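This report concerns only the one structure given below.
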Amino acid sequence: MKITELVGGVLEEIKEDPYSLLDNFSVWTTNEETALLEKLKKPVKLSSLTEQEQFRVQAMIRKSLVIKVGMKDPTIVANETYQ
């Protein structure tokens, strides 16, 4: 069986509704990130977090789990779409 036969049905479905791929989209998070997201439901100053939490926040920013607001003494808040 060719690969095109295996994915043919999926490709046709994607052509009809390309946004169907995003319906079940989720971002993988560690237990530590999940706990930190709970803490960041309200805006928190980045400087008030521990060094370890700040390191995790940088990874979470890249994953778009949190949003950094401001340049000097930035504030961090959880992205509402992942809560």
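Residues are named by chain letter and number: chains run A, B, ... in the order of the structure tokens, numbers start at 1 in each chain, and ligands are numbered from 1 in the order shown.
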Find the residues around Arg56 in chain A up to 9 Å (only C-alpha atoms counted), leave out those fewer than 5 positions away in its own chain, and share them as a ChimeraX atom specification.
/A:32-33,36,51,61
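The residue set within 7 Å of range 67-82 of chain A, counting only C-alpha atoms and dropping same-chain residues fewer than 6 places from it, reads Leu37, Leu40, Lys41, Lys42, Pro43, Val44, Lys45, Leu46, Ser47 and Ile61 of chain A.
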Can I get the selection written as a CSV table (one decimal), in the first residue's frame, with C-alpha atoms?
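That gives us result-v5.csv:
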```
chain,number,residue,atom,x,y,z
A,37,LEU,CA,0.2,28.6,35.0
A,40,LEU,CA,0.1,33.3,36.7
A,41,LYS,CA,-3.7,33.5,36.3
A,42,LYS,CA,-3.3,37.1,37.7
A,43,PRO,CA,-0.6,39.4,36.4
A,44,VAL,CA,2.8,38.9,38.2
A,45,LYS,CA,6.0,40.9,37.9
A,46,LEU,CA,8.8,38.8,36.4
A,47,SER,CA,11.2,40.0,39.0
A,61,ILE,CA,6.7,32.4,26.4
```
